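**Q** Here you go, one structure.
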Amino acid sequence: MDLITRLEAYVRDELQPKYTYPIGLVHTKAFEEAGKGRLYIWIDKGVTFEHKFIELPEKLYTSGKIS
């Protein structure tokens with residue numbers, strides 16, 4: 001599983017349930033931010049989008065799987 005797939009799965013399975021609004025990964029910054037140990041997401045608030053940094057568990061961007 002490649003990095004983008006792992007990050008998307010983390011957003012979908014771990015983060016989305018914690019938000020009342022739809023969220024997603026900002027793909028253009030995925031590799032750069034993962035290297036810094038964080039995730040850059042968008043939050044769809046209906047009329048506007050908010051962007052936010054989320055700290056990543058180290059195992060997510062250093063291993064081949066999410067556990």
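Chains: A, B, ... in order of the structure tokens. Residues: from 1 per chain. Ligands: from 1, in order shown.
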If DSSP is run on the backbone, what residues of chain A are strand (DSSP E or B)? A reply as a list in words would be ideal.

**A**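 Of chain A, only Ile23, Gly24, Leu25, Arg38, Leu39, Tyr40, Ile41, Trp42, Ile43, Asp44, Phe49, Glu50, His51, Lys52, Phe53, Ile54 and Glu55 of chain A fall in strand (DSSP E or B).
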
**Q** May I have the residues within 12 Å of Ile23 in chain A as JSON, numbers by chain, using only C-alpha atoms and disregarding those fewer than 3 positions away in the same chain?

**A** {"A": [8, 10, 11, 12, 13, 14, 15, 16, 17, 18, 19, 20, 26, 39, 40, 41, 42, 43, 44, 45, 46, 49, 50, 51, 52, 54]}

**Q** I need the chosen residues saved as a tab-separated table (two decimals), in the first residue's frame, with C-alpha atoms.

**A**
```
chain	number	residue	atom	x	y	z
A	8	GLU	CA	-6.53	8.47	2.55
A	10	TYR	CA	-6.47	7.13	7.79
A	11	VAL	CA	-8.54	10.21	6.94
A	12	ARG	CA	-11.57	8.09	5.98
A	13	ASP	CA	-11.43	5.51	8.77
A	14	GLU	CA	-9.88	7.32	11.74
A	15	LEU	CA	-10.51	11.05	11.31
A	16	GLN	CA	-13.82	11.39	9.44
A	17	PRO	CA	-15.88	9.84	12.28
A	18	LYS	CA	-14.61	12.60	14.59
A	19	TYR	CA	-15.94	15.41	12.35
A	20	THR	CA	-19.51	16.44	11.61
A	26	VAL	CA	-5.00	17.79	0.47
A	39	LEU	CA	-1.40	15.65	7.57
A	40	TYR	CA	-3.00	18.59	5.76
A	41	ILE	CA	-6.77	18.17	5.39
A	42	TRP	CA	-9.69	20.17	4.06
A	43	ILE	CA	-12.96	20.45	5.95
A	44	ASP	CA	-16.09	21.16	3.87
A	45	LYS	CA	-18.30	23.42	5.96
A	46	GLY	CA	-20.93	23.83	3.25
A	49	PHE	CA	-13.58	25.17	3.22
A	50	GLU	CA	-11.25	25.19	6.20
A	51	HIS	CA	-7.74	23.72	6.08
A	52	LYS	CA	-6.07	22.16	9.09
A	54	ILE	CA	-3.26	17.05	11.95
```

**Q** Chain A: which residues are helix (DSSP H, G or I) by DSSP, as a tab-separated table (two decimals) with C-alpha atoms, in the first residue's frame?

**A**
```
chain	number	residue	atom	x	y	z
A	3	LEU	CA	1.68	6.44	1.16
A	4	ILE	CA	-1.28	8.25	-0.43
A	5	THR	CA	-3.49	5.18	-0.02
A	6	ARG	CA	-2.50	4.87	3.66
A	7	LEU	CA	-3.14	8.57	4.29
A	8	GLU	CA	-6.53	8.47	2.55
A	9	ALA	CA	-7.53	5.40	4.57
A	10	TYR	CA	-6.47	7.13	7.79
A	11	VAL	CA	-8.54	10.21	6.94
A	12	ARG	CA	-11.57	8.09	5.98
A	13	ASP	CA	-11.43	5.51	8.77
A	14	GLU	CA	-9.88	7.32	11.74
A	15	LEU	CA	-10.51	11.05	11.31
A	16	GLN	CA	-13.82	11.39	9.44
A	17	PRO	CA	-15.88	9.84	12.28
A	18	LYS	CA	-14.61	12.60	14.59
A	27	HIS	CA	-3.10	15.66	-2.06
A	28	THR	CA	-0.81	18.42	-3.32
A	29	LYS	CA	0.85	18.61	0.09
A	30	ALA	CA	0.55	14.96	1.14
A	31	PHE	CA	4.18	13.86	0.71
A	32	GLU	CA	5.73	17.09	1.98
A	33	GLU	CA	3.58	17.22	5.12
A	34	ALA	CA	3.83	13.49	5.86
A	35	GLY	CA	7.60	13.92	5.89
A	58	GLU	CA	4.67	7.86	13.10
A	59	LYS	CA	3.78	4.31	12.09
A	60	LEU	CA	1.47	5.65	9.39
A	61	TYR	CA	4.15	7.23	7.25
A	62	THR	CA	7.09	4.94	8.14
```
